[in-house]
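*Asks:* Structure below; questions to follow.
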Amino acid sequence: MIKLGIIACSNGMGHISRSIKLANFLSKQYSVYLITDKKKFEIINNNKKIKIIDTKNILNINLTEKKYNQNWWYKIKKKILKNNIKILISDNLPEVVNFGLKCLIISNFFWHNLFNLKNRKIKSTISKIKANQIQIYRNVIFKTKNSKIKYFGFIGSPKKSNLNKKNLLISFGSNDKIDKKLSIQICNFIKKNSKNYKIFLEKKYFENFKNVYKKNKNIFIADFSDYMFSKIGIAIIKPGFGTIQKCFENKIYPITFTEQLNKEFKNNARKLKQYNLGYSLNKFSDCLKILETKEKFKINFPKIMYHGENKIINDLNKLSNNQKI
């Protein structure tokens, strides 16, 4: 079997989650290594065929200072060569081209575009991508007008719709610290509406008012397992790709807010609104208010949104056989 590596940006869990889903399909044809933060990988991976190359925090992005280490590839180069990996897929990190191996790039955005970074290293990286005709893939929902980018759906098949279920998830992302203002708003909402919904809440928010929530049989700590997502009908979330992916995989109706969030989140929310794939509001408090109306939440999920792995596998097979993609 050809050895293939998937390099996943380790900010949050979205890139790692998408990479593991893709690896599950690719492991049938390739010997797959996931190259990312081992601790985060082990939280959600259950496929023993997928091997791990631990990068620890090398692939983290500094969102506060709006920068990332563009030399990350050099720091893990020895590990890549040692394992005799022949093909690389990068999730969101264009510097993969510097390894000099056959590669593909999956990216709804690039960090240097998000942070408006312009320097020699970035220019050199983009020049190599163009010169080597490296194929870039972008999710069909978050596409931009660029003839050189291929668009693909979410990985895997959609599951049965849960929109008839009055089960609600409230989640803001694994990297976020608790926001006291939001926590109070959640508590007030739950006091008024816990009879109307079964509510799955992030542990840190549950713990903040645990004396209130422990007495309520309709409030649960969200464990973000496949079983939990299978029970959810509606989710109030920050519009990060990983959580959106989980919503569409399980046909969950997303309600998002964008106040004080970065360009990535705002662009994602704008696309959801454009394709009528959920609510996109500015304030979190407005997301709670919409649940108190008689609004009927319904989405038509187009087929092009799914089975994105087919396009990747097809192109990988061509790349393996030295054919032009």
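By order of appearance in the structure tokens: chains A, B, ..., then residues from 1 within every chain, and ligands from 1 in the order shown.
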Can you check which parts of segment 71-140 of chain A lie within 12 Å of segment 32-47 of chain A? Per residue, the shortest pair of atoms and distance in Å to one decimal, counting only C-alpha atoms, sorted by chain and number, as CSV.
*Replies:*
residue,atom,partner,partner_atom,distance
A:Trp72,CA,A:Thr36,CA,11.3
A:Trp73,CA,A:Ile35,CA,10.9
A:Ile76,CA,A:Ile35,CA,9.0
A:Lys77,CA,A:Ile35,CA,11.1
A:Lys79,CA,A:Ile35,CA,9.4
A:Ile80,CA,A:Ile35,CA,8.8
A:Asn83,CA,A:Tyr33,CA,9.0
A:Asn84,CA,A:Tyr33,CA,10.7
A:Ile85,CA,A:Tyr33,CA,8.4
A:Lys86,CA,A:Val32,CA,10.6
A:Ile87,CA,A:Val32,CA,9.8
A:Leu88,CA,A:Tyr33,CA,9.4
A:Ile89,CA,A:Leu34,CA,9.6
A:Ser90,CA,A:Ile35,CA,9.3
A:Asp91,CA,A:Ile35,CA,10.2
A:Leu93,CA,A:Thr36,CA,11.8
A:Val96,CA,A:Ile35,CA,11.7
*Asks:* Generate a file of the selected residues that holds C-alpha atoms, formatted as a CSV table (one decimal), in the first residue's frame.
*Replies:*
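Dumped to part25.csv:
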chain,number,residue,atom,x,y,z
A,72,TRP,CA,6.0,24.3,10.5
A,73,TRP,CA,6.8,22.0,7.5
A,76,ILE,CA,8.2,17.9,10.8
A,77,LYS,CA,10.1,17.1,7.6
A,79,LYS,CA,9.2,12.6,10.5
A,80,ILE,CA,7.6,12.6,7.0
A,83,ASN,CA,7.9,7.1,7.5
A,84,ASN,CA,8.5,7.1,3.7
A,85,ILE,CA,5.3,8.9,3.0
A,86,LYS,CA,4.7,9.4,-0.8
A,87,ILE,CA,1.6,11.6,-1.0
A,88,LEU,CA,0.4,14.4,1.3
A,89,ILE,CA,-3.0,16.0,1.8
A,90,SER,CA,-3.0,19.3,3.7
A,91,ASP,CA,-6.0,20.5,5.5
A,93,LEU,CA,-1.9,24.7,5.3
A,96,VAL,CA,2.8,21.4,2.2
*Asks:* Contacts of Lys166 of chain A at 9 Å or less, counting only C-alpha atoms, minus same-chain residues fewer than 4 places along, as an MDAnalysis selection string?
*Replies:* chainID A and resid 162 196:199 232:234
*Asks:* With a distance cut-off of 6 Å and only C-alpha atoms, select the neighbouring residues of Val140 of chain A, excluding the residue or stretch itself and same-chain residues fewer than 5 positions from it, and output the selection as an NGL selection string.
*Replies:* :A and (151-153)
*Asks:* May I have the selected residues written with N, CA and C atoms, as a compact mmCIF listing (two decimals), in the first residue's frame?
*Replies:*
# COMPACT_ATOMS: atom_id res chain seq x y z
N TYR A 151 -14.48 22.07 -6.23
CA TYR A 151 -15.42 22.11 -5.12
C TYR A 151 -15.93 20.71 -4.82
N PHE A 152 -16.02 20.41 -3.53
CA PHE A 152 -16.45 19.08 -3.13
C PHE A 152 -17.38 19.18 -1.92
N GLY A 153 -18.14 18.11 -1.69
CA GLY A 153 -19.12 18.12 -0.60
C GLY A 153 -18.52 17.72 0.73
*Asks:* Considering only C-alpha atoms, give me a table of residues in segment 215-249 of chain A that are at most 12 Å from segment 268-290 of chain A, with the closest atom pair and distance in Å for each, as a Markdown table.
*Replies:*
| residue | atom | partner | partner_atom | distance |
| --- | --- | --- | --- | --- |
| A:Ile234 | CA | A:Gly278 | CA | 9.6 |
| A:Ala235 | CA | A:Gly278 | CA | 9.8 |
| A:Ile236 | CA | A:Cys287 | CA | 6.9 |
| A:Ile237 | CA | A:Phe284 | CA | 8.9 |
| A:Lys238 | CA | A:Ala269 | CA | 8.7 |
| A:Pro239 | CA | A:Ala269 | CA | 5.9 |
| A:Gly240 | CA | A:Asn268 | CA | 7.3 |
| A:Phe241 | CA | A:Asn268 | CA | 7.5 |
| A:Gly242 | CA | A:Asn268 | CA | 11.2 |
| A:Thr243 | CA | A:Asn268 | CA | 11.2 |
| A:Ile244 | CA | A:Asn268 | CA | 8.9 |
| A:Gln245 | CA | A:Asn268 | CA | 11.3 |
| A:Cys247 | CA | A:Gly278 | CA | 10.2 |
| A:Phe248 | CA | A:Leu277 | CA | 9.0 |
*Asks:* With N, CA and C atoms retained, export the selected residues as a PDB file, in the first residue's frame.
*Replies:*
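Saved file result20.pdb follows:
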ATOM      1  N   ILE A 234     -31.796  20.937  16.516  1.00  0.00           N
ATOM      2  CA  ILE A 234     -31.437  22.344  16.299  1.00  0.00           C
ATOM      3  C   ILE A 234     -30.162  22.638  17.101  1.00  0.00           C
ATOM      4  N   ALA A 235     -29.277  23.495  16.546  1.00  0.00           N
ATOM      5  CA  ALA A 235     -28.047  23.846  17.260  1.00  0.00           C
ATOM      6  C   ALA A 235     -27.777  25.338  17.162  1.00  0.00           C
ATOM      7  N   ILE A 236     -27.517  25.957  18.307  1.00  0.00           N
ATOM      8  CA  ILE A 236     -27.032  27.335  18.326  1.00  0.00           C
ATOM      9  C   ILE A 236     -25.508  27.256  18.445  1.00  0.00           C
ATOM     10  N   ILE A 237     -24.812  27.778  17.444  1.00  0.00           N
ATOM     11  CA  ILE A 237     -23.365  27.598  17.371  1.00  0.00           C
ATOM     12  C   ILE A 237     -22.655  28.837  16.835  1.00  0.00           C
ATOM     13  N   LYS A 238     -21.357  28.901  17.088  1.00  0.00           N
ATOM     14  CA  LYS A 238     -20.500  29.782  16.314  1.00  0.00           C
ATOM     15  C   LYS A 238     -20.301  29.089  14.967  1.00  0.00           C
ATOM     16  N   PRO A 239     -20.296  29.811  13.853  1.00  0.00           N
ATOM     17  CA  PRO A 239     -20.238  29.147  12.552  1.00  0.00           C
ATOM     18  C   PRO A 239     -18.836  28.691  12.135  1.00  0.00           C
ATOM     19  N   GLY A 240     -18.203  27.871  12.979  1.00  0.00           N
ATOM     20  CA  GLY A 240     -16.934  27.260  12.612  1.00  0.00           C
ATOM     21  C   GLY A 240     -17.195  26.054  11.724  1.00  0.00           C
ATOM     22  N   PHE A 241     -16.250  25.763  10.828  1.00  0.00           N
ATOM     23  CA  PHE A 241     -16.493  24.709   9.840  1.00  0.00           C
ATOM     24  C   PHE A 241     -16.746  23.352  10.496  1.00  0.00           C
ATOM     25  N   GLY A 242     -15.994  23.008  11.547  1.00  0.00           N
ATOM     26  CA  GLY A 242     -16.134  21.694  12.167  1.00  0.00           C
ATOM     27  C   GLY A 242     -17.524  21.447  12.700  1.00  0.00           C
ATOM     28  N   THR A 243     -18.097  22.448  13.378  1.00  0.00           N
ATOM     29  CA  THR A 243     -19.442  22.287  13.939  1.00  0.00           C
ATOM     30  C   THR A 243     -20.499  22.300  12.848  1.00  0.00           C
ATOM     31  N   ILE A 244     -20.309  23.157  11.841  1.00  0.00           N
ATOM     32  CA  ILE A 244     -21.232  23.171  10.700  1.00  0.00           C
ATOM     33  C   ILE A 244     -21.237  21.806  10.016  1.00  0.00           C
ATOM     34  N   GLN A 245     -20.048  21.244   9.859  1.00  0.00           N
ATOM     35  CA  GLN A 245     -19.921  19.922   9.246  1.00  0.00           C
ATOM     36  C   GLN A 245     -20.744  18.890  10.006  1.00  0.00           C
ATOM     37  N   CYS A 247     -23.318  19.469  11.916  1.00  0.00           N
ATOM     38  CA  CYS A 247     -24.743  19.775  11.745  1.00  0.00           C
ATOM     39  C   CYS A 247     -25.267  19.189  10.437  1.00  0.00           C
ATOM     40  N   PHE A 248     -24.549  19.420   9.344  1.00  0.00           N
ATOM     41  CA  PHE A 248     -25.036  18.955   8.049  1.00  0.00           C
ATOM     42  C   PHE A 248     -24.907  17.449   7.895  1.00  0.00           C
TER      43      PHE A 248
END
*Asks:* Could you pull the residues within 10 Å of Ile184 of chain A, counting only C-alpha atoms, minus those fewer than 6 positions along the same chain, as a list in words?
*Replies:*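 Final neighbour list, sorted by chain and number: Ile190, Tyr205, Asn208 and Phe209 of chain A.
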*Asks:* Using only C-alpha atoms, find the one residue out of A:Asn11, A:Ile255, A:Lys148, A:Phe99 that sits nearest to Lys56 of chain A.
*Replies:*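 So, comparing all the options, the nearest one is A:Asn11.
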*Asks:* Please identify which residues in segment 94-304 of chain A DSSP calls helix (DSSP H, G or I) from the backbone, and express them as a PyMOL selection string.
*Replies:* chain A and resi 94-99+111-114+120-131+140-142+180-193+203-208+210-213+226-231+241-249+263-274+284-291+303-304
*Asks:* Excluding same-chain residues fewer than 4 positions from Asn321 of chain A, what lies within 12 Å of it counting only C-alpha atoms, as a ChimeraX atom specification?
*Replies:* /A:2,86-87,102,314-317,325
*Asks:* Those selected residues, please, written with N, CA and C atoms and delivered as a compact mmCIF listing (two decimals), in the first residue's frame.
*Replies:*
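For reference, selection14.txt as written:
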# COMPACT_ATOMS: atom_id res chain seq x y z
N ILE A 2 0.45 2.24 -0.78
CA ILE A 2 1.16 3.52 -0.80
C ILE A 2 0.91 4.25 0.51
N LYS A 86 4.58 9.04 0.63
CA LYS A 86 4.74 9.39 -0.78
C LYS A 86 3.80 10.51 -1.24
N ILE A 87 2.62 10.59 -0.61
CA ILE A 87 1.63 11.59 -1.00
C ILE A 87 1.13 12.31 0.24
N LYS A 102 4.22 14.63 -3.95
CA LYS A 102 2.90 14.78 -4.56
C LYS A 102 1.93 15.22 -3.47
N ASN A 314 -10.81 9.87 -6.35
CA ASN A 314 -10.60 9.79 -7.80
C ASN A 314 -9.31 10.51 -8.21
N ASP A 315 -9.11 11.70 -7.68
CA ASP A 315 -7.91 12.48 -8.03
C ASP A 315 -6.65 11.89 -7.42
N LEU A 316 -6.77 11.33 -6.21
CA LEU A 316 -5.61 10.68 -5.58
C LEU A 316 -5.14 9.48 -6.40
N ASN A 317 -6.09 8.72 -6.92
CA ASN A 317 -5.74 7.56 -7.73
C ASN A 317 -4.99 7.98 -8.99
N ILE A 325 -4.27 15.52 -12.90
CA ILE A 325 -5.58 15.69 -12.28
C ILE A 325 -6.41 16.68 -13.11
*Asks:* Find the nearest atom pair between each residue of segment 235-267 of chain A and segment 104-121 of chain A for residues within 9 Å, count only C-alpha atoms, give distances in Å to one decimal, sort rows by chain and ascending number, and present the table as a tab-separated table.
*Replies:*
residue	atom	partner	partner_atom	distance
A:Phe241	CA	A:Asn108	CA	8.8
A:Asn262	CA	A:Leu114	CA	8.3
A:Lys263	CA	A:Leu114	CA	6.5
A:Glu264	CA	A:Leu114	CA	6.9
*Asks:* Based on the selection just made, write N, CA and C atoms of those residues as an mmCIF file, in the first residue's frame.
*Replies:*
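Heads up, here's the output in again-v1.cif:
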data_model
loop_
_atom_site.group_PDB
_atom_site.id
_atom_site.type_symbol
_atom_site.label_atom_id
_atom_site.label_comp_id
_atom_site.auth_asym_id
_atom_site.auth_seq_id
_atom_site.Cartn_x
_atom_site.Cartn_y
_atom_site.Cartn_z
ATOM 1 N N PHE A 241 -16.250 25.763 10.828
ATOM 2 C CA PHE A 241 -16.493 24.709 9.840
ATOM 3 C C PHE A 241 -16.746 23.352 10.496
ATOM 4 N N ASN A 262 -14.282 36.559 13.903
ATOM 5 C CA ASN A 262 -13.374 36.917 12.814
ATOM 6 C C ASN A 262 -14.008 36.690 11.433
ATOM 7 N N LYS A 263 -13.232 37.018 10.382
ATOM 8 C CA LYS A 263 -13.755 36.978 9.013
ATOM 9 C C LYS A 263 -14.166 35.577 8.564
ATOM 10 N N GLU A 264 -13.470 34.558 9.070
ATOM 11 C CA GLU A 264 -13.816 33.192 8.699
ATOM 12 C C GLU A 264 -15.248 32.870 9.122
#
*Asks:* One number please: atom CA of Gly173 of chain A to atom CA of Ile312 of chain A, in Å, one decimal.
*Replies:*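 One can read the atom CA of Gly173 of chain A to atom CA of Ile312 of chain A distance as 27.4 Å.
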*Asks:* Taking the chain letters and numbering used in this document, name the residues of segment 240-275 of chain A that DSSP puts in strand (DSSP E), as a PDB file with C-alpha atoms, in the first residue's frame.
*Replies:*
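The resulting selection02.pdb:
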ATOM      1  CA  TYR A 253     -30.657  23.018  11.723  1.00  0.00           C
ATOM      2  CA  PRO A 254     -27.881  25.553  12.585  1.00  0.00           C
ATOM      3  CA  ILE A 255     -28.589  28.944  14.147  1.00  0.00           C
ATOM      4  CA  THR A 256     -25.401  31.033  14.174  1.00  0.00           C
ATOM      5  CA  PHE A 257     -24.233  34.340  15.549  1.00  0.00           C
TER       6      PHE A 257
END
*Asks:* Restricting the calculation to only C-alpha atoms, which member of A:Gln70, A:Gly12, A:Ser17, A:Cys103 is positioned closest to Asn322 of chain A?
*Replies:*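 For Asn322 of chain A, the nearest of the candidates is A:Cys103.
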